[in-house]
Structures are given as structure tokens and as C-alpha cells.
Amino acid sequence: MAMHAGKPDTVAARGPGAEEPPDTGADACHKLTALQGLAALSLDAMASVAYGPEAIVLVLAGAGVYGLGFTLPVTVAIAALLAVLVASYRQVIAAFPDGGGSYAVAKRHLGRRTSLVAAASLILDYVLNVAVSVTAGVAALTSAFPQLYGERVWICPGILVLVTVVNLRGVADSAKLFLLPTALFVGSILAMIAVGLFRDGPVSTASAAGHASALGEGATTVGALLLLKAFAAGCSALTGVEAVANAVPSFRAPAARRAQRTEVALGGLLGVMLIGLSVLIGRFHLQPVEGVTVLAQLADASFGHNTAFYVVQFATMVLLALAANTSFGGLPVLMSLLARDNHLPHLFALKADRQVHRHGVLALAAVSAVLLIASGGDTNTLVPLFAIGVFVGFTICQVGMVRHWLSEHPARWQAKAALNGFGALLTGVSAVVVTATKFTEGAWLIVIALPLLVLGFEKIHRTYARIGERLELGRIPQPPTRARSLVVVPVSGLSKLTSKALTAARSLGDEVLAVTVTHPAPEDRQAAEALRRDWELWNPGVELVEVTSMTRALGRPVSGYVRELAEARPGAQVTVLIPETEPARLWQRLLQNQRGSVVAHAVRRDTDAVICRLRFRISDDTC
């Protein structure tokens, strides 16, 4: 297939409110319904309730019991930001139904370079989400079974492989598989909140017994900086909110409407769970302790230390491990858009039979596996890097939507622009605070990686532009002409394969030359002389040319002869036809000498000749 440096065809962008016909083709079964979208694309956001409230509590605990009293107000502020983000991304989905989220918004309204910053931030967040989710899920597993702690470095890649295989089967299949654990987790958290609201006090504190308190010394005031830190830490619960807007093309038609419903459902469930858990934290006067999660303490306090407690822990463990699926649903779509815009290799824009961007899935899995192994499967090593990228993307998207309303002027555009402007302010402040507070803990890596990714996008784009200029894309080319054709056929002996190769060569070219590489060693000379005698007896009507090589090399002598031919006949089109056998079974290919691949590589590297590989298939009945 010829490489094409221009943009592959894209679906024409549809404006807000444009209707799509329902999916009726075979591809519809490989796309998402609204409910499946909630399971496939919201696991990251849903699972964040396991560590979002805890992040707030751990920061406020530095001010003692008085500081913990601000847990609910900080959570309400985060829920308000969540509402702003959901409303914004609902509009993003309508305005950009081809997906891409903040990248698509920035590309249209803020310029190409800003859009690349948004894309780079999302890529970093998606990759880190996979690593953090898998390690957090494994941490929950090793907490229940401590004997597995030493094996976590191998358990993490095992879970990653499982999630990757499921996603290679298609996003719809992964959504069906993850519906049950998602429903179990959401149901158990909502049940815990409902039961806890009717409790006058904790039913049990067994999970926290014997663990050291993480509460700081008592304080009578809480500074604005501490509240900002708590807000920024708790905003880790908002990661994943953008995933639905990035993956709109993965939904069944009408895709935009289904995606909007999924976004609203995600925001509603996440907001209810965050506020509900914060209410319980205050109601039970919960204090953080080392080695036990806040969610585990809340389950203990609401249900008691019984089967229900372990159900919550099991559901949390499974969902944290599977939360990586959000990245597998959103990042390959984003990478396909970058590939269409010539910022990533075009293979990332290709889809497999099951509507899967397979190369994007495999690339995400590979990079995540490196992070998992490099971190030793430790969540705390990765968490400082997490959430910075997504806040950069949030801010860029909000600013872009302000520009969108200012240029489009739809109904009530002033209110919408004000809402997005307020959201941009909040997310921008959060991005600065998170980066500043976590800089020495590893956030500096993100500060370096983000511009490096943007530079990489630019480099790829310039390369495609140069290729496009050389191919004269967008211009009408010169009419084709016929040149004299010279076909070179490498041979090493006489066989049915040789006959078929020469027959094909004579059909393709005006002149055919057979080439054999000989060596000066006595035994090799005897074989060469035998081949010459047999060739003359056979008399195929094709000249046999002997190319002498002082070494045992095969590729370089053939490519050198082809280069000399091309220089001697500048007007001729030289083609190298390489005959090869193709066994019926995969394992039988290991028995081949791979001479065809060696010659093809050398000719491609050293000459401009056309390479044609003739496959002679050998069926089982001929073996």
C-alpha cells in the first residue's frame, strides 16, 4: 500500500443539533449504547471516588480535627466544578461529534499548537490512568492477600494484558464485560451512603483498629493555601470526565445524543457519590489512619465488618483494576484524530474489523507496561504524576469553548461563555496548584514530557509535509508514460519455482535476466558450474548472469548488480522479482532460509528498483 502523506478522509463535522440516522449496518453491534458507554468510558471517573475523598481528607488532616470539618465544603466546590465540566463537555459533544474533546476544540478555536498541547496532556493522562488504575487495583488485592505483595510487579502486567485483550475485541465487547462490575461498585457505594445516613454512629471501627492515626496536631484556623491544596488533591476525582467527549464516534447513532446522555449520567452519579461519601465522613467523624483506606472505614462504619464490607472492597478492587478501560476507549480515538492531522503515524488512524484502533490500543498497553515495571507496581510512585495533564486539557477546552460561543453566538451564548470562563479559571488554578504542590514529587517529569510530546507531533507533521511536497499531493501529476521494463530474477537452482518466476517475469518485462550469486570456494564453483550446465540444457530463453561475491553475502551482491544495471540503462524501469515458497502452516515457515527477505531488504535499501515477491503456495497435500 502506498504511503499517503495527506489527511485521510474524515467524516464531515456536524454542527450542534444535527441529527444522525440510526446505525443499521453490521458495524452497529460493535458500537456503544448510552449504558454501555457508561461502563466502557466512565470507569476511571467512577473508580476515583475510592481515592478522591481520601485525598481531601489526607490534606485537611494536617490541620487536625478542625481541618476535617472542611471536607464537605471542599467536596461541594469540587462537585460544582464537576457540574461545570459536565455542562461544558455536553456542549463539546454537540459541537464536535467526531470526537477529540479538548484537542478538537483547541484545534478549531485556539490554533494548531495549542491543540497539540491539549492532545499531549490528554495522552499523558490516559497513559498514567492505566498505570495508576492497575497498580491501585493490585494494591487492593495485595491488601486482602498480603502473600501476593511480592508478586505485584508481575500481577500488574498480567491485568494489563487481560484488559488489552478484551479491548482488542472491540469497545462494545469490553463494555458488556464491564457492565456487571460497574453496576456492583456503583450499587454498593450508593447502598453504603443510604445506609450510613440512617446511622447515628459507626457500626464498626474494626478495620481501623490498631492502625496509627494520620491526623495532624490540632488547629483553630485553616488557611486558604491548605484549602486550595485539598481542592486540588480532591480534583483527582474528576479525571475521566472528558473521556466521553473524546470517544463520541464509538457510540451508535445518534452518537452525539447518546454520548451526551452518558456524560450527564456520569456527572450525576459521580457527584452524588462524592458528596454522599463526604457527608458520611463528617457524620462518623472519620479520621485517616495508615494502611486503611477512607472508603474501607466508611464501609465498616455503615455496614459493619461483615459480608457487605468485603463486597465493597471487592467491587472497589475490581473497578480500580478495570478503570484502565477508560483510557483504552478514549486514547485510540484521540490518536486516530492526531494521525489524520499528520501529527502521529497514519497507522493509528486504521481500524480493525471490530471497529478497533488496534495500533492505538497496543501502543497504550506497551507504554503503560513500561511504567508499571519501572514503578515496581507502586501506586504512590505514579500518583504524583497523575491528573496534571487532564487539568491542562480541561483549561484549554474551557477557553476554547469561550471562543466558540463568542464566534458562534447561539441562544444564551453569554451565559454559556460565562460558565466556561468560570470553569477555565477554576481548572487553571487547579492545574497550577497541583503542579506546584507535586513538582518535587515527580510532577517535573510531566512538565518536561508535555513539551517533548508537542515537539514530537511537530516533527512528524513536518516530515509528512515534506513527503507531501515530494509526492506533489494536491496537484495534477504528469500523465503516465511507458518505459522499457527490465526484470531481474535472483535464482539459486532449477525447480518448478524457478519456472514460475521466469514465466511471471517474461509477462511483466521486455527483457528478463536471471541472476545467481557465486563464491570462489571450490565446492561453490562446482555448484555454479552444475547450475550453468543445467541452465543451458533447460534453455529457458533467459540469460543467466553470475555475480561473484568474495564473501557469503547474498543481498549486497544482488543489489550492487541491480544498481549497475540501472546506471547503465537510465531510461529503463528495473524490477526485481523474488520467488519464494509459502508453506501451508505457520511453523513450517521456520524451515525456510529467508533468502527472499534478505535480498528484498538489500534491494530496497540500496536501489530504487521495484520489488515484486512471487509467492508459491505449498498446500498440505503437496508437503
# chains A, B, ... in the order shown; residues from 1 in each chain; ligands from 1
$ residues_around --residues "region 344-352 of chain A" --least-positions-apart "6" --cutoff "7 Å" --atoms "only C-alpha atoms" --output "count of residues only"
9
$ residues_around --residues "Ala247 (chain A)" --least-positions-apart "2" --cutoff "10 Å" --atoms "only C-alpha atoms" --output "list in words"
Gly37, Leu41, Ile93, Pro97, Asp98, Gly99, Gly100, Gly101, Glu242, Ala243, Val244, Ala245, Pro249, Ser250, Phe251, Ala255, Ala259, Thr326, Gly329, Gly330, Leu331, Pro332, Val333 and Leu334 of chain A
$ select_by_dssp --residues "region 199-391 of chain A" --states "alpha helix (DSSP H)" --output "PyMOL selection string"
chain A and resi 224-234+243-246+255-283+294-303+307-322+325-340+358-374+379-382+388-391
$ atom_distance --atom1 "CA of Thr33 (chain A)" --atom2 "CA of Leu364 (chain A)"
24.2 Å
$ residues_around --residues "Thr182 (chain A)" --least-positions-apart "4" --cutoff "9 Å" --atoms "only C-alpha atoms" --output "ChimeraX atom specification"
/A:38-39,42-43,46,178,186-187,315,318-319
$ write_last_selection --atoms "N, CA, C and O atoms" --output "mmCIF file, in the first residue's frame"
data_model
loop_
_atom_site.group_PDB
_atom_site.id
_atom_site.type_symbol
_atom_site.label_atom_id
_atom_site.label_comp_id
_atom_site.auth_asym_id
_atom_site.auth_seq_id
_atom_site.Cartn_x
_atom_site.Cartn_y
_atom_site.Cartn_z
ATOM 1 N N LEU A 38 -21.402 4.176 29.524
ATOM 2 C CA LEU A 38 -21.159 4.458 30.937
ATOM 3 C C LEU A 38 -20.199 3.440 31.529
ATOM 4 O O LEU A 38 -19.335 3.778 32.345
ATOM 5 N N ALA A 39 -20.332 2.182 31.127
ATOM 6 C CA ALA A 39 -19.457 1.131 31.637
ATOM 7 C C ALA A 39 -18.073 1.187 31.001
ATOM 8 O O ALA A 39 -17.064 0.957 31.668
ATOM 9 N N SER A 42 -16.519 5.361 31.685
ATOM 10 C CA SER A 42 -16.627 6.107 32.941
ATOM 11 C C SER A 42 -15.942 5.401 34.104
ATOM 12 O O SER A 42 -16.040 5.866 35.243
ATOM 13 N N LEU A 43 -15.296 4.274 33.852
ATOM 14 C CA LEU A 43 -14.690 3.528 34.954
ATOM 15 C C LEU A 43 -13.635 4.351 35.684
ATOM 16 O O LEU A 43 -13.503 4.267 36.908
ATOM 17 N N MET A 46 -15.578 6.859 37.848
ATOM 18 C CA MET A 46 -16.291 6.152 38.919
ATOM 19 C C MET A 46 -15.326 5.661 39.993
ATOM 20 O O MET A 46 -15.565 5.805 41.192
ATOM 21 N N PHE A 178 -17.763 -5.215 31.262
ATOM 22 C CA PHE A 178 -17.548 -4.386 32.443
ATOM 23 C C PHE A 178 -18.842 -3.838 33.039
ATOM 24 O O PHE A 178 -18.801 -3.125 34.038
ATOM 25 N N VAL A 186 -21.091 0.795 41.781
ATOM 26 C CA VAL A 186 -21.987 1.942 41.987
ATOM 27 C C VAL A 186 -23.093 1.575 42.969
ATOM 28 O O VAL A 186 -23.423 2.350 43.880
ATOM 29 N N GLY A 187 -23.669 0.377 42.802
ATOM 30 C CA GLY A 187 -24.736 -0.055 43.709
ATOM 31 C C GLY A 187 -24.256 -0.171 45.146
ATOM 32 O O GLY A 187 -24.961 0.252 46.086
ATOM 33 N N ALA A 315 -15.567 -5.018 45.112
ATOM 34 C CA ALA A 315 -16.039 -4.211 43.988
ATOM 35 C C ALA A 315 -15.064 -3.074 43.691
ATOM 36 O O ALA A 315 -14.794 -2.746 42.535
ATOM 37 N N VAL A 318 -11.893 -4.522 41.937
ATOM 38 C CA VAL A 318 -12.135 -4.877 40.533
ATOM 39 C C VAL A 318 -12.269 -3.632 39.679
ATOM 40 O O VAL A 318 -11.681 -3.530 38.590
ATOM 41 N N LEU A 319 -13.036 -2.643 40.172
ATOM 42 C CA LEU A 319 -13.256 -1.458 39.352
ATOM 43 C C LEU A 319 -11.986 -0.633 39.187
ATOM 44 O O LEU A 319 -11.750 -0.065 38.126
#
$ closest_residue --among "A:Leu486, A:Ala530, A:Val264, A:Leu162" --to "Ala566 (chain A)" --atoms "only C-alpha atoms"
A:Leu486
$ closest_residue --among "A:Arg563, A:His519, A:Asp524, A:Leu197" --to "Ser549 (chain A)" --atoms "only C-alpha atoms"
A:His519
$ residues_around --residues "Cys235 (chain A)" --least-positions-apart "3" --cutoff "9 Å" --atoms "only C-alpha atoms" --output "PyMOL selection string"
chain A and resi 52+55-56+75+78+81-82+230-232+238-239+387+391+430
$ closest_residue --among "A:Leu280, A:Val558, A:Leu35, A:Ala365" --to "Phe198 (chain A)" --atoms "only C-alpha atoms"
A:Leu280
$ closest_residue --among "A:Leu531, A:Ala324, A:Val312, A:Leu58" --to "Ala183 (chain A)" --atoms "only C-alpha atoms"
A:Val312
$ atom_distance --atom1 "CA of Gln588 (chain A)" --atom2 "CA of Gly555 (chain A)"
23.3 Å
$ select_by_dssp --residues "region 495-564 of chain A" --states "strand (DSSP E or B)" --output "JSON, numbers by chain"
{"A": [511, 512, 513, 514, 515, 516, 517, 518, 543, 544, 545, 546, 547, 548]}
$ write_last_selection --atoms "C-alpha atoms" --output "mmCIF file, in the first residue's frame"
data_model
loop_
_atom_site.group_PDB
_atom_site.id
_atom_site.type_symbol
_atom_site.label_atom_id
_atom_site.label_comp_id
_atom_site.auth_asym_id
_atom_site.auth_seq_id
_atom_site.Cartn_x
_atom_site.Cartn_y
_atom_site.Cartn_z
ATOM 1 C CA GLU A 511 13.792 -8.081 -21.002
ATOM 2 C CA VAL A 512 14.463 -10.688 -18.306
ATOM 3 C CA LEU A 513 17.759 -11.545 -16.624
ATOM 4 C CA ALA A 514 18.308 -14.372 -14.160
ATOM 5 C CA VAL A 515 20.993 -13.659 -11.539
ATOM 6 C CA THR A 516 22.853 -16.128 -9.347
ATOM 7 C CA VAL A 517 25.480 -15.267 -6.731
ATOM 8 C CA THR A 518 28.617 -17.434 -6.809
ATOM 9 C CA GLU A 543 20.236 -15.217 -19.818
ATOM 10 C CA LEU A 544 21.808 -16.433 -16.567
ATOM 11 C CA VAL A 545 24.188 -13.848 -15.093
ATOM 12 C CA GLU A 546 26.746 -14.909 -12.483
ATOM 13 C CA VAL A 547 27.644 -12.304 -9.850
ATOM 14 C CA THR A 548 30.774 -13.237 -7.922
#
$ residues_around --residues "region 577-584 of chain A" --least-positions-apart "4" --cutoff "9 Å" --atoms "only C-alpha atoms" --output "PyMOL selection string"
chain A and resi 487-491+497-498+500-502+504-505+588-589+592+594-597+599-600+610-620+623
$ atom_distance --atom1 "CA of Gly267 (chain A)" --atom2 "CA of Ala136 (chain A)"
22.5 Å
$ closest_residue --among "A:Gln526, A:Gln36, A:Ala104, A:Val390" --to "Leu180 (chain A)" --atoms "only C-alpha atoms"
A:Gln36
